[in-house]
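S.K.: Pasting my_file_7.tsv here (TSV, C-alpha atoms and all ligand atoms):
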chain	number	residue	atom	x	y	z
J	90	MET	CA	171.91	-32.97	24.08
J	91	THR	CA	175.68	-33.20	23.75
J	92	HIS	CA	177.33	-33.36	20.39
J	93	SER	CA	178.03	-36.88	19.23
J	94	ALA	CA	181.43	-38.17	20.08
J	95	GLY	CA	180.68	-40.93	17.61
J	96	THR	CA	181.76	-44.51	17.65
J	97	LYS	CA	183.54	-45.95	14.70
J	98	GLU	CA	181.87	-48.74	12.79
J	99	CYS	CA	182.56	-50.29	9.41
J	100	ASN	CA	180.21	-50.01	6.41
J	101	ASP	CA	179.82	-52.52	3.56
J	102	LYS	CA	182.94	-51.35	1.82
J	103	GLY	CA	184.97	-51.82	4.95
J	104	GLU	CA	185.27	-48.04	5.42
J	105	SER	CA	184.53	-46.74	8.86
J	106	SER	CA	181.89	-44.01	9.37
J	107	PRO	CA	180.89	-42.25	12.59
J	108	VAL	CA	177.65	-43.44	14.22
J	109	SER	CA	175.83	-41.77	17.11
J	110	GLU	CA	175.52	-43.37	20.53
J	111	PRO	CA	172.20	-45.13	21.28
J	112	ALA	CA	171.69	-42.73	24.20
J	113	GLU	CA	171.61	-39.81	21.77
J	114	ILE	CA	169.01	-41.50	19.62
J	115	LEU	CA	166.90	-42.36	22.65
J	116	SER	CA	167.18	-38.79	23.79
J	117	LEU	CA	166.01	-37.63	20.35
J	118	LEU	CA	163.02	-39.97	20.61
J	119	PHE	CA	162.23	-38.73	24.10
J	120	ASP	CA	162.30	-35.13	22.85
J	121	ALA	CA	160.01	-36.10	20.00
J	122	LEU	CA	157.48	-37.70	22.34
J	123	TYR	CA	157.80	-35.39	25.34
J	124	LYS	CA	158.52	-32.03	23.75
J	125	GLY	CA	156.89	-32.60	20.37
J	126	LYS	CA	160.21	-32.04	18.55
J	127	CYS	CA	160.00	-34.39	15.60
J	128	ASP	CA	160.98	-32.40	12.55
J	129	GLY	CA	163.46	-34.86	11.14
J	130	ILE	CA	166.85	-36.05	12.33
J	131	PRO	CA	169.21	-33.26	13.44
J	132	SER	CA	172.59	-33.06	11.73
J	133	ASN	CA	174.52	-34.11	14.83
J	134	ILE	CA	172.94	-37.56	14.73
J	135	LEU	CA	174.94	-39.83	12.51
J	136	LEU	CA	173.49	-43.11	11.30
J	137	GLU	CA	173.85	-45.70	8.61
J	138	LYS	CA	171.18	-45.52	5.88
J	139	PRO	CA	168.81	-48.32	7.05
J	140	GLU	CA	168.85	-47.09	10.66
J	141	ARG	CA	168.35	-43.51	9.50
J	142	GLU	CA	165.32	-44.59	7.43
J	143	GLU	CA	163.82	-46.47	10.36
J	144	LEU	CA	164.31	-43.49	12.65
J	145	GLU	CA	162.81	-41.14	10.07
J	146	LYS	CA	159.80	-43.43	9.80
J	147	LEU	CA	159.41	-43.48	13.57
J	148	LEU	CA	159.66	-39.69	13.86
J	149	ALA	CA	157.14	-39.22	11.05
J	150	TYR	CA	154.76	-41.59	12.85
J	151	VAL	CA	155.12	-39.70	16.11
J	152	LYS	CA	154.54	-36.46	14.25
J	153	ASP	CA	151.36	-37.79	12.60
J	154	LEU	CA	150.10	-39.00	15.96
J	155	GLN	CA	150.78	-35.62	17.50
J	156	THR	CA	149.07	-33.84	14.59
J	157	GLY	CA	146.02	-36.02	15.16
J	158	LEU	CA	146.06	-35.36	18.90
J	159	GLN	CA	146.54	-31.66	18.31
J	160	GLY	CA	143.52	-31.70	15.99
J	161	LEU	CA	141.49	-33.44	18.67
J	162	ALA	CA	142.56	-30.88	21.26
J	163	LYS	CA	141.39	-28.11	18.95
J	164	GLY	CA	138.15	-29.85	18.03
J	165	ASP	CA	139.25	-30.93	14.55
J	166	PHE	CA	138.20	-34.55	14.17
J	167	THR	CA	139.42	-35.21	10.63
J	168	VAL	CA	141.44	-38.36	10.53
J	169	PRO	CA	145.01	-38.25	9.19
J	170	SER	CA	144.45	-41.18	6.86
J	171	ARG	CA	148.06	-42.30	6.54
J	172	LEU	CA	148.17	-42.86	10.28
J	173	ARG	CA	148.09	-46.60	10.73
J	174	GLY	CA	149.00	-49.12	13.40
J	175	TYR	CA	147.92	-49.67	16.98
J	176	SER	CA	148.40	-46.14	18.35
J	177	GLY	CA	146.99	-44.57	15.22
J	178	GLY	CA	144.08	-46.98	15.44
J	179	LEU	CA	143.30	-45.90	18.98
J	180	LEU	CA	143.36	-42.27	17.93
J	181	LYS	CA	141.11	-43.03	14.97
J	182	ALA	CA	138.71	-44.92	17.24
J	183	LEU	CA	138.42	-41.86	19.48
J	184	GLN	CA	137.93	-39.59	16.49
J	185	SER	CA	135.35	-41.97	15.08
J	186	ASN	CA	133.45	-41.94	18.39
J	187	LEU	CA	133.51	-38.17	18.56
J	188	ARG	CA	132.39	-37.78	14.96
J	189	HIS	CA	129.59	-40.23	15.58
J	190	LEU	CA	128.62	-38.28	18.70
J	191	ILE	CA	128.44	-35.11	16.61
J	192	TRP	CA	126.25	-36.88	14.07
J	193	LYS	CA	123.96	-38.16	16.83
J	194	SER	CA	123.75	-34.68	18.37
J	195	ASP	CA	122.82	-33.23	14.98
J	196	ALA	CA	120.11	-35.86	14.58
J	197	LEU	CA	118.82	-34.97	18.06
J	198	ALA	CA	118.90	-31.27	17.21
J	199	GLY	CA	116.95	-32.09	14.06
J	200	GLY	CA	114.13	-33.50	16.20
J	201	ASN	CA	114.97	-37.20	16.17
J	202	PHE	CA	114.78	-37.83	19.90
J	203	SER	CA	115.14	-41.61	19.71
J	204	GLN	CA	118.94	-41.35	19.24
J	205	ARG	CA	121.08	-43.06	21.88
J	206	ILE	CA	124.78	-43.89	22.10
J	207	ASP	CA	126.57	-46.77	23.75
J	208	PHE	CA	130.21	-45.76	23.96
J	209	MET	CA	132.60	-43.54	25.87
J	210	GLY	CA	131.25	-44.34	29.34
J	211	ASP	CA	130.04	-41.21	31.12
J	212	VAL	CA	129.51	-39.37	27.84
J	213	SER	CA	126.97	-41.93	26.73
J	214	ILE	CA	125.23	-41.82	30.13
J	215	SER	CA	124.80	-38.06	29.99
J	216	PHE	CA	123.97	-38.01	26.26
J	217	ASN	CA	121.32	-40.69	26.68
J	218	GLY	CA	119.97	-38.94	29.78
J	219	MET	CA	119.68	-35.71	27.82
J	220	ALA	CA	118.08	-37.45	24.84
J	221	GLN	CA	115.63	-39.23	27.13
J	222	ARG	CA	114.63	-36.00	28.89
J	223	LEU	CA	114.26	-34.22	25.54
J	224	GLU	CA	112.14	-37.07	24.23
J	225	LEU	CA	109.90	-36.91	27.31
J	226	ALA	CA	109.66	-33.11	27.18
J	227	HIS	CA	108.83	-33.30	23.49
J	228	LYS	CA	106.17	-35.96	24.16
J	229	ASN	CA	104.63	-33.85	26.93
J	230	LEU	CA	104.66	-30.77	24.74
J	231	THR	CA	103.04	-32.63	21.87
J	232	GLU	CA	100.33	-34.00	24.16
J	233	HIS	CA	99.80	-30.55	25.64
J	234	GLN	CA	99.52	-29.03	22.20
J	235	GLN	CA	97.04	-31.72	21.13
J	236	ARG	CA	94.92	-31.01	24.23
J	237	LEU	CA	95.03	-27.28	23.47
J	238	GLU	CA	94.04	-27.88	19.86
J	239	LEU	CA	91.13	-30.03	21.03
J	240	LEU	CA	90.02	-27.33	23.52
J	241	TYR	CA	90.28	-24.68	20.82
J	242	SER	CA	88.13	-26.68	18.43
J	243	ASP	CA	85.53	-27.27	21.22
J	244	LEU	CA	85.53	-23.55	21.94
J	245	GLN	CA	85.03	-22.70	18.27
J	246	GLN	CA	82.08	-25.10	18.06
J	247	GLU	CA	80.59	-23.49	21.17
J	248	VAL	CA	80.97	-20.00	19.69
J	249	GLU	CA	79.32	-21.14	16.44
J	250	ALA	CA	76.42	-22.68	18.38
J	251	ARG	CA	75.94	-19.49	20.39
J	252	LYS	CA	75.98	-17.34	17.27
J	253	LYS	CA	73.28	-19.52	15.76
J	254	VAL	CA	71.09	-19.31	18.86
J	255	GLU	CA	71.54	-15.53	19.01
J	256	LYS	CA	70.49	-15.21	15.39
J	257	GLU	CA	67.41	-17.34	15.99
J	258	LEU	CA	66.49	-15.28	19.04
J	259	ARG	CA	66.88	-12.06	17.05
J	260	ASN	CA	64.61	-13.48	14.33
J	261	LEU	CA	62.03	-14.50	16.90
J	262	ALA	CA	61.91	-10.93	18.28
J	263	THR	CA	61.53	-9.17	14.94
J	264	ILE	CA	59.96	-11.52	12.41
J	265	ASP	CA	56.42	-12.77	12.03
J	266	MET	CA	56.63	-16.56	12.10
J	267	LEU	CA	53.85	-17.16	9.62
J	268	THR	CA	54.83	-14.75	6.84
J	269	GLY	CA	58.56	-14.28	7.54
J	270	ILE	CA	58.21	-10.46	7.31
J	271	ALA	CA	58.72	-7.92	10.14
J	272	ASN	CA	56.22	-8.30	12.99
J	273	ARG	CA	54.10	-5.50	14.44
J	274	ARG	CA	56.69	-4.54	17.09
J	275	HIS	CA	59.51	-4.38	14.55
J	276	PHE	CA	57.30	-2.45	12.12
J	277	LEU	CA	56.52	0.15	14.81
J	278	GLN	CA	60.23	0.49	15.64
J	279	LEU	CA	61.09	1.07	12.00
J	280	ALA	CA	58.18	3.51	11.48
J	281	ARG	CA	59.17	5.52	14.55
J	282	ARG	CA	62.77	5.76	13.34
J	283	GLU	CA	61.58	6.90	9.90
J	284	MET	CA	59.28	9.55	11.30
J	285	GLU	CA	62.08	10.97	13.41
J	286	ARG	CA	64.31	11.10	10.36
J	287	MET	CA	61.49	13.02	8.46
J	288	ARG	CA	61.23	15.51	11.30
J	289	ARG	CA	64.99	16.08	11.41
J	290	SER	CA	65.61	16.45	7.68
J	291	GLY	CA	62.22	17.91	6.66
J	292	THR	CA	61.96	15.45	3.79
J	293	PRO	CA	58.78	13.45	3.14
J	294	ALA	CA	58.26	9.73	3.38
J	295	ALA	CA	55.74	7.36	1.84
J	296	LEU	CA	53.77	4.56	3.41
J	297	ALA	CA	52.25	1.84	1.21
J	298	MET	CA	49.53	-0.38	2.58
J	299	LEU	CA	48.65	-3.77	1.19
J	300	ASP	CA	45.50	-5.56	2.10
J	301	ILE	CA	45.24	-9.23	1.34
J	302	ASP	CA	41.70	-10.54	1.02
J	303	ARG	CA	40.71	-13.51	3.13
J	304	PHE	CA	44.11	-13.71	4.75
J	305	LYS	CA	42.31	-14.60	7.93
J	306	THR	CA	41.78	-18.15	6.66
J	307	ILE	CA	45.54	-18.61	6.37
J	308	ASN	CA	46.13	-16.84	9.63
J	309	ASP	CA	43.74	-19.19	11.35
J	310	VAL	CA	45.35	-22.39	10.09
Y	111	MET	CA	123.36	-67.33	-17.71
Y	112	SER	CA	121.60	-69.80	-19.98
Y	113	GLU	CA	121.51	-72.87	-17.72
Y	114	LYS	CA	118.90	-73.22	-15.01
Y	115	ARG	CA	119.94	-71.64	-11.71
Y	116	ARG	CA	120.35	-73.85	-8.66
Y	117	TYR	CA	121.57	-71.37	-6.05
Y	118	SER	CA	119.57	-68.21	-6.68
Y	119	PHE	CA	119.40	-66.60	-3.25
Y	120	SER	CA	116.22	-65.92	-1.36
Y	121	TRP	CA	115.82	-65.25	2.36
Y	122	ASP	CA	113.93	-68.53	2.79
Y	123	LEU	CA	117.20	-70.38	2.16
Y	124	ILE	CA	118.43	-69.14	5.53
Y	125	GLY	CA	115.77	-71.33	7.01
Y	126	GLN	CA	114.42	-71.36	10.52
Y	127	VAL	CA	117.20	-69.89	12.62
Y	128	ASP	CA	115.52	-70.93	15.87
Y	129	ALA	CA	115.39	-74.59	14.82
Y	130	ARG	CA	118.51	-75.53	16.80
Y	131	THR	CA	117.14	-76.18	20.24
Y	132	GLU	CA	120.48	-77.05	21.84
Y	133	LEU	CA	122.85	-74.62	20.11
Y	134	GLY	CA	120.68	-71.64	19.30
Y	135	PRO	CA	120.97	-69.25	16.36
Y	136	TYR	CA	124.60	-68.13	16.74
Y	137	ALA	CA	127.78	-69.77	15.45
Y	138	GLY	CA	131.40	-69.09	16.29
Y	139	LEU	CA	133.43	-66.42	14.59
Y	140	GLU	CA	136.03	-69.07	13.72
Y	141	MET	CA	133.57	-71.08	11.69
Y	142	TYR	CA	132.23	-68.00	9.90
Y	143	ARG	CA	135.73	-66.84	8.99
Y	144	LEU	CA	136.88	-70.33	8.11
Y	145	MET	CA	134.12	-70.57	5.56
Y	146	GLN	CA	134.54	-67.08	4.19
Y	147	PHE	CA	138.31	-67.07	3.91
Y	148	THR	CA	138.65	-70.54	2.41
Y	149	MET	CA	136.05	-69.58	-0.16
Y	150	ARG	CA	138.10	-66.46	-0.90
Y	151	ASP	CA	141.25	-68.57	-1.17
Y	152	ILE	CA	139.70	-70.88	-3.74
Y	153	LEU	CA	138.15	-68.01	-5.68
Y	154	GLU	CA	141.55	-66.32	-5.82
Y	155	GLN	CA	143.22	-69.54	-6.99
Y	156	HIS	CA	140.68	-69.96	-9.76
Y	157	TYR	CA	140.14	-66.37	-10.86
Y	158	GLY	CA	142.93	-64.18	-9.45
Y	159	THR	CA	142.92	-61.63	-6.63
Y	160	GLU	CA	141.02	-58.87	-8.37
Y	161	THR	CA	138.20	-61.08	-9.57
Y	162	ALA	CA	138.01	-62.79	-6.17
Y	163	ASP	CA	137.56	-59.36	-4.57
Y	164	THR	CA	134.96	-58.38	-7.16
Y	165	LEU	CA	133.02	-61.59	-6.56
Y	166	PHE	CA	133.17	-61.03	-2.81
Y	167	ARG	CA	132.01	-57.45	-3.20
Y	168	GLU	CA	129.13	-58.51	-5.44
Y	169	ALA	CA	128.08	-61.23	-3.02
Y	170	GLY	CA	128.18	-58.65	-0.21
Y	171	GLU	CA	126.03	-56.34	-2.28
Y	172	LEU	CA	123.43	-59.05	-2.88
Y	173	ALA	CA	123.50	-59.83	0.84
Y	174	GLY	CA	123.08	-56.13	1.66
Y	175	ARG	CA	120.03	-55.80	-0.57
Y	176	LYS	CA	118.37	-58.94	0.80
Y	177	PHE	CA	119.29	-57.94	4.34
Y	178	PHE	CA	117.65	-54.55	3.82
Y	179	ASP	CA	114.48	-56.10	2.40
Y	180	HIS	CA	114.26	-58.46	5.34
Y	181	TYR	CA	114.74	-55.94	8.14
Y	182	PHE	CA	114.04	-52.43	6.90
Y	183	SER	CA	111.73	-50.29	4.86
Y	184	ARG	CA	112.30	-47.33	2.59
Y	185	ASP	CA	109.69	-45.30	4.48
Y	186	LEU	CA	112.05	-44.87	7.41
Y	187	GLU	CA	113.51	-41.41	7.97
Y	188	PHE	CA	117.30	-41.53	7.74
Y	189	PRO	CA	118.08	-41.10	11.48
Y	190	ALA	CA	115.52	-43.77	12.37
Y	191	PHE	CA	116.94	-46.06	9.69
Y	192	VAL	CA	120.44	-45.56	11.10
Y	193	SER	CA	119.27	-46.34	14.65
Y	194	MET	CA	117.67	-49.53	13.38
Y	195	LEU	CA	120.76	-50.46	11.39
Y	196	GLU	CA	122.89	-50.04	14.52
Y	197	ASP	CA	120.48	-52.27	16.45
Y	198	VAL	CA	120.26	-55.04	13.87
Y	199	PHE	CA	124.04	-55.15	13.34
Y	200	ARG	CA	124.56	-55.36	17.08
Y	201	LYS	CA	121.89	-58.05	17.56
Y	202	GLN	CA	123.36	-60.09	14.72
Y	203	ARG	CA	126.83	-59.62	16.29
Y	204	ALA	CA	127.96	-58.30	12.91
Y	205	GLY	CA	129.65	-55.14	14.16
Y	206	ILE	CA	129.14	-51.81	15.83
Y	207	VAL	CA	127.94	-49.38	13.17
Y	208	ARG	CA	128.57	-45.71	13.64
Y	209	ILE	CA	127.72	-42.99	11.17
Y	210	GLU	CA	130.37	-40.31	11.26
Y	211	GLU	CA	129.16	-38.04	8.50
Y	212	ALA	CA	126.12	-38.07	6.30
Y	213	ASP	CA	125.18	-35.61	3.62
Y	214	LEU	CA	122.54	-37.38	1.56
Y	215	GLU	CA	122.02	-34.34	-0.65
Y	216	LYS	CA	125.64	-34.48	-1.69
Y	217	GLY	CA	125.49	-38.27	-1.68
Y	218	GLU	CA	128.35	-38.64	0.78
Y	219	LEU	CA	128.54	-40.76	3.85
Y	220	VAL	CA	131.27	-41.97	6.18
Y	221	LEU	CA	130.60	-44.78	8.59
Y	222	SER	CA	132.69	-47.03	10.75
Y	223	VAL	CA	132.13	-50.61	11.78
Y	224	GLY	CA	133.78	-51.50	15.07
Y	225	GLU	CA	134.43	-55.12	16.02
Y	226	ASP	CA	133.73	-56.03	12.42
Y	227	LEU	CA	132.68	-59.61	11.80
Y	228	ASP	CA	135.13	-60.08	8.97
Y	229	CYS	CA	138.34	-58.48	10.13
Y	230	SER	CA	138.48	-57.52	13.81
Y	231	GLY	CA	141.46	-59.12	15.49
Y	232	LEU	CA	143.08	-60.20	12.24
Y	233	PRO	CA	146.83	-59.83	11.86
Y	234	GLU	CA	148.05	-56.64	10.26
Y	235	LEU	CA	148.27	-56.68	6.50
Y	236	GLU	CA	149.34	-54.16	3.94
Y	237	HIS	CA	145.89	-53.73	2.44
Y	238	GLU	CA	142.27	-53.17	3.36
Y	239	PHE	CA	140.53	-56.48	3.66
Y	240	CYS	CA	136.78	-56.10	3.82
Y	241	ALA	CA	135.60	-56.32	0.21
Y	242	TYR	CA	132.53	-58.30	1.31
Y	243	ASP	CA	131.64	-55.56	3.80
Y	244	GLU	CA	132.10	-52.90	1.13
Y	245	GLY	CA	129.50	-54.72	-0.92
Y	246	LEU	CA	127.22	-55.31	2.07
Y	247	ILE	CA	127.15	-51.64	3.03
Y	248	ALA	CA	126.68	-50.55	-0.58
Y	249	GLY	CA	123.84	-53.08	-1.02
Y	250	ILE	CA	121.99	-51.91	2.10
Y	251	LEU	CA	122.25	-48.25	1.11
Y	252	MET	CA	121.44	-49.03	-2.51
Y	253	GLN	CA	118.17	-50.54	-1.43
Y	254	TYR	CA	117.41	-47.69	0.99
Y	255	THR	CA	118.16	-44.86	-1.45
Y	256	GLY	CA	117.11	-46.63	-4.65
Y	257	LYS	CA	120.33	-45.34	-6.23
Y	258	GLU	CA	123.73	-46.63	-7.26
Y	259	VAL	CA	126.03	-46.77	-4.24
Y	260	ARG	CA	129.74	-47.41	-3.88
Y	261	ALA	CA	131.43	-48.13	-0.57
Y	262	LYS	CA	135.20	-48.04	-0.18
Y	263	GLU	CA	136.99	-49.19	2.92
Y	264	ILE	CA	139.41	-46.43	3.90
Y	265	ASP	CA	140.57	-47.80	7.26
Y	266	CYS	CA	140.61	-51.42	8.30
Y	267	TRP	CA	141.55	-53.44	11.34
Y	268	CYS	CA	143.97	-55.16	9.03
Y	269	THR	CA	145.87	-51.96	8.41
Y	270	GLY	CA	146.11	-51.46	12.14
Y	271	ASP	CA	143.16	-49.15	12.60
Y	272	ARG	CA	141.19	-51.19	15.15
Y	273	THR	CA	137.99	-50.22	13.37
Y	274	CYS	CA	136.83	-50.33	9.76
Y	275	ARG	CA	135.83	-47.09	8.15
Y	276	PHE	CA	133.95	-46.84	4.88
Y	277	ALA	CA	133.51	-43.87	2.57
Y	278	VAL	CA	130.23	-44.17	0.70
Y	279	THR	CA	129.24	-42.33	-2.46
Y	280	ILE	CA	125.65	-42.34	-3.63
Y	281	SER	CA	125.22	-41.38	-7.27
Y	282	LEU	CA	122.64	-38.59	-7.47
A	401	ZN	ZN	138.12	-54.15	7.71
What's the structure tokens form of this structure?
M.R.:
Amino acid sequence: MTHSAGTKECNDKGESSPVSEPAEILSLLFDALYKGKCDGIPSNILLEKPEREELEKLLAYVKDLQTGLQGLAKGDFTVPSRLRGYSGGLLKALQSNLRHLIWKSDALAGGNFSQRIDFMGDVSISFNGMAQRLELAHKNLTEHQQRLELLYSDLQQEVEARKKVEKELRNLATIDMLTGIANRRHFLQLARREMERMRRSGTPAALAMLDIDRFKTINDV
Amino acid sequence: MSEKRRYSFSWDLIGQVDARTELGPYAGLEMYRLMQFTMRDILEQHYGTETADTLFREAGELAGRKFFDHYFSRDLEFPAFVSMLEDVFRKQRAGIVRIEEADLEKGELVLSVGEDLDCSGLPELEHEFCAYDEGLIAGILMQYTGKEVRAKEIDCWCTGDRTCRFAVTISL
């Protein structure tokens, strides 16, 4: 940018003061928008107070917009709240969409698979597709788990039933049904084991015999 | 209020919305806004700006509570409640609700309402406009959480933002 040659204009008091050419101001604005240079009005630009204020306002607005866009580019979606107006509104709408998308993704990650979105074109198509597939996968997994739980409980019941039958069979082989004490076969097994123990250790053993009178009448019932 | 009430609101007063066989249940945005904004005008003339806003906010809050009772239940998990809220707002053509942040433990929530019934497309003003919506949102969340809720509009179509954004605080 060339240094201002300045045109002479008159202020309120009739005194003339140098004012920059419009081309210089446009160039400053272009630099602000294109190169991101919007840190105030450089000293070579000369303006009357109201024009200077307007230009400062414009540069500050561009700067805020660029800060917001920079944030977006870096993944910072906080909204610069003083940013107003149409362009600011568009930026805020985008930020709002992205923040909402993050919230929806968090809800999805938290297990709420019914979340869907309806904005930002392709993003919503792929988000909803993902959510739908997750929902289906989750449903299938839940059903699978329920089936497994059912199978497991069936299996447990089966094991319990078998244990019961085994116990009954064992009782049948060793116990006398009428009296509930060891039957002859079981008694002989136990006696044989005891006699072997006596032989091994050389210690004695005792055998008590009980005779119940007229037991035959019970036995015959 | 000592005198007998005539206009105490109940959902029955809305009547049968499917009764209009020719015109159906929806009315134009112009008519809705005409009614709301003329009412606001008269309230402001009678009671001043601040009171008019307070009355609007309170009416919104009552609407929010009744709206919640009619459509929702407290048993809903928060994400499911939000999904339903989005649906009902969309079906009622009231706006496009989007939660941006929600930390219920801290009692903080930020949500935006796109294409808001009250203010979308309005000319730009120097101030946020949607006092009724502030009340409505607070009322809905009040009923859902069972706590005191305050909603403040931080961005509005009327301040050039193209969408309305509300910061909500739930007193814990
Ligand atoms: Zn608004």
S.K.: To check your reading of the model: which residues sit at most 8 Å from ligand ZN 401 (chain A) when counting only C-alpha atoms and all ligand atoms? Write the answer as a ChimeraX atom specification.
M.R.: /Y:226,228-230,238-240,243,263,265-268,273-275
S.K.: Excluding Ile134 in chain J and any residue of its chain fewer than 2 positions from it, enumerate the residues within 7 Å of it, using only C-alpha atoms, and give them as an MDAnalysis selection string.
M.R.: chainID J and resid 93 109 130:132 136
S.K.: Find the residue from J:Asn229, J:Arg288, J:Leu296, J:Phe119 that sits nearest to Phe276 in chain J; use all atoms listed in the file when measuring.
M.R.: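 When distances to Phe276 in chain J are compared using all atoms listed in the file, the smallest one comes from J:Leu296.
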S.K.: Would you mind listing, as a count of residues only, all residues of chain Y that have at least one atom within 10 Å of chain J, where all atoms listed in the file are what counts?
M.R.: 32
S.K.: Could you tell me how far CA of Leu154 in chain J sits from CA of Gly129 in chain J, in Å to one decimal place?
M.R.: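 These atoms are spaced 14.8 Å apart.
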S.K.: Compare Y:Gly138, Y:Gly205, Y:Gly256, Y:Gly245 by their minimum atom-to-atom distance to Asp163 in chain Y, counting all atoms listed in the file, and give me the closest one.
M.R.: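 Looking at the shortest contact to Asp163 in chain Y, the residue is Y:Gly245.
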S.K.: Quick one: which range 219-257 of chain Y residues come within 7 Å of range 171-180 of chain Y, and what is the nearest atom pair for each with the distance in Å to one decimal, counting only C-alpha atoms, rows ordered by chain and ascending number, as CSV?
M.R.:
residue,atom,partner,partner_atom,distance
Y:Gly245,CA,Y:Glu171,CA,4.1
Y:Leu246,CA,Y:Gly174,CA,4.2
Y:Ile247,CA,Y:Gly174,CA,6.2
Y:Ala248,CA,Y:Glu171,CA,6.1
Y:Gly249,CA,Y:Glu171,CA,4.1
Y:Ile250,CA,Y:Gly174,CA,4.4
Y:Gln253,CA,Y:Arg175,CA,5.6
S.K.: Report, in Å with one decimal, the straight-line distance from CA of Thr255 in chain Y to CA of Arg184 in chain Y.
M.R.: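 Pair CA of Thr255 in chain Y / CA of Arg184 in chain Y returns 7.5 Å.
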S.K.: Quick one: distance from CA of Leu139 in chain Y to CA of Arg203 in chain Y in Å, one decimal?
M.R.: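 Between CA of Leu139 in chain Y and CA of Arg203 in chain Y the gap is 9.6 Å.
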S.K.: Write out as a list in words which residues come within 12 Å of Lys146 in chain J when counting only C-alpha atoms, dropping same-chain ones fewer than 2 positions away.
M.R.: Leu118, Cys127, Asp128, Gly129, Ile130, Pro139, Glu140, Arg141, Glu142, Glu143, Leu144, Leu148, Ala149, Tyr150, Val151, Lys152, Asp153 and Leu172 of chain J
S.K.: Residues within 8 Å of Leu267 in chain J, please, as a PyMOL selection string. Count only C-alpha atoms; anything in the same chain fewer than 2 positions from it doesn't count.
M.R.: chain J and resi 265+269+308
S.K.: Write to file, as a compact mmCIF listing (two decimals), keeping the file's coordinate frame, the residues of the selection just made, with C-alpha atoms.
M.R.:
# COMPACT_ATOMS: atom_id res chain seq x y z
CA ASP J 265 56.42 -12.77 12.03
CA GLY J 269 58.56 -14.28 7.54
CA ASN J 308 46.13 -16.84 9.63
S.K.: Nearest to Ile114 in chain J: which of J:Glu257, J:Glu249, J:Glu145, J:Asp165 is it, counting only C-alpha atoms?
M.R.: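 Checking each candidate against Ile114 in chain J, we get J:Glu145 as the closest.
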S.K.: Around range 149-154 of chain J, fit a box with edges along x, y and z, padding it by 3 Å on each side, then list its centre and edge lengths in Å to one decimal as AutoDock Vina command-line options.
M.R.:
--center_x 153.6 --center_y -39.0 --center_z 13.6 --size_x 13.0 --size_y 11.1 --size_z 11.1
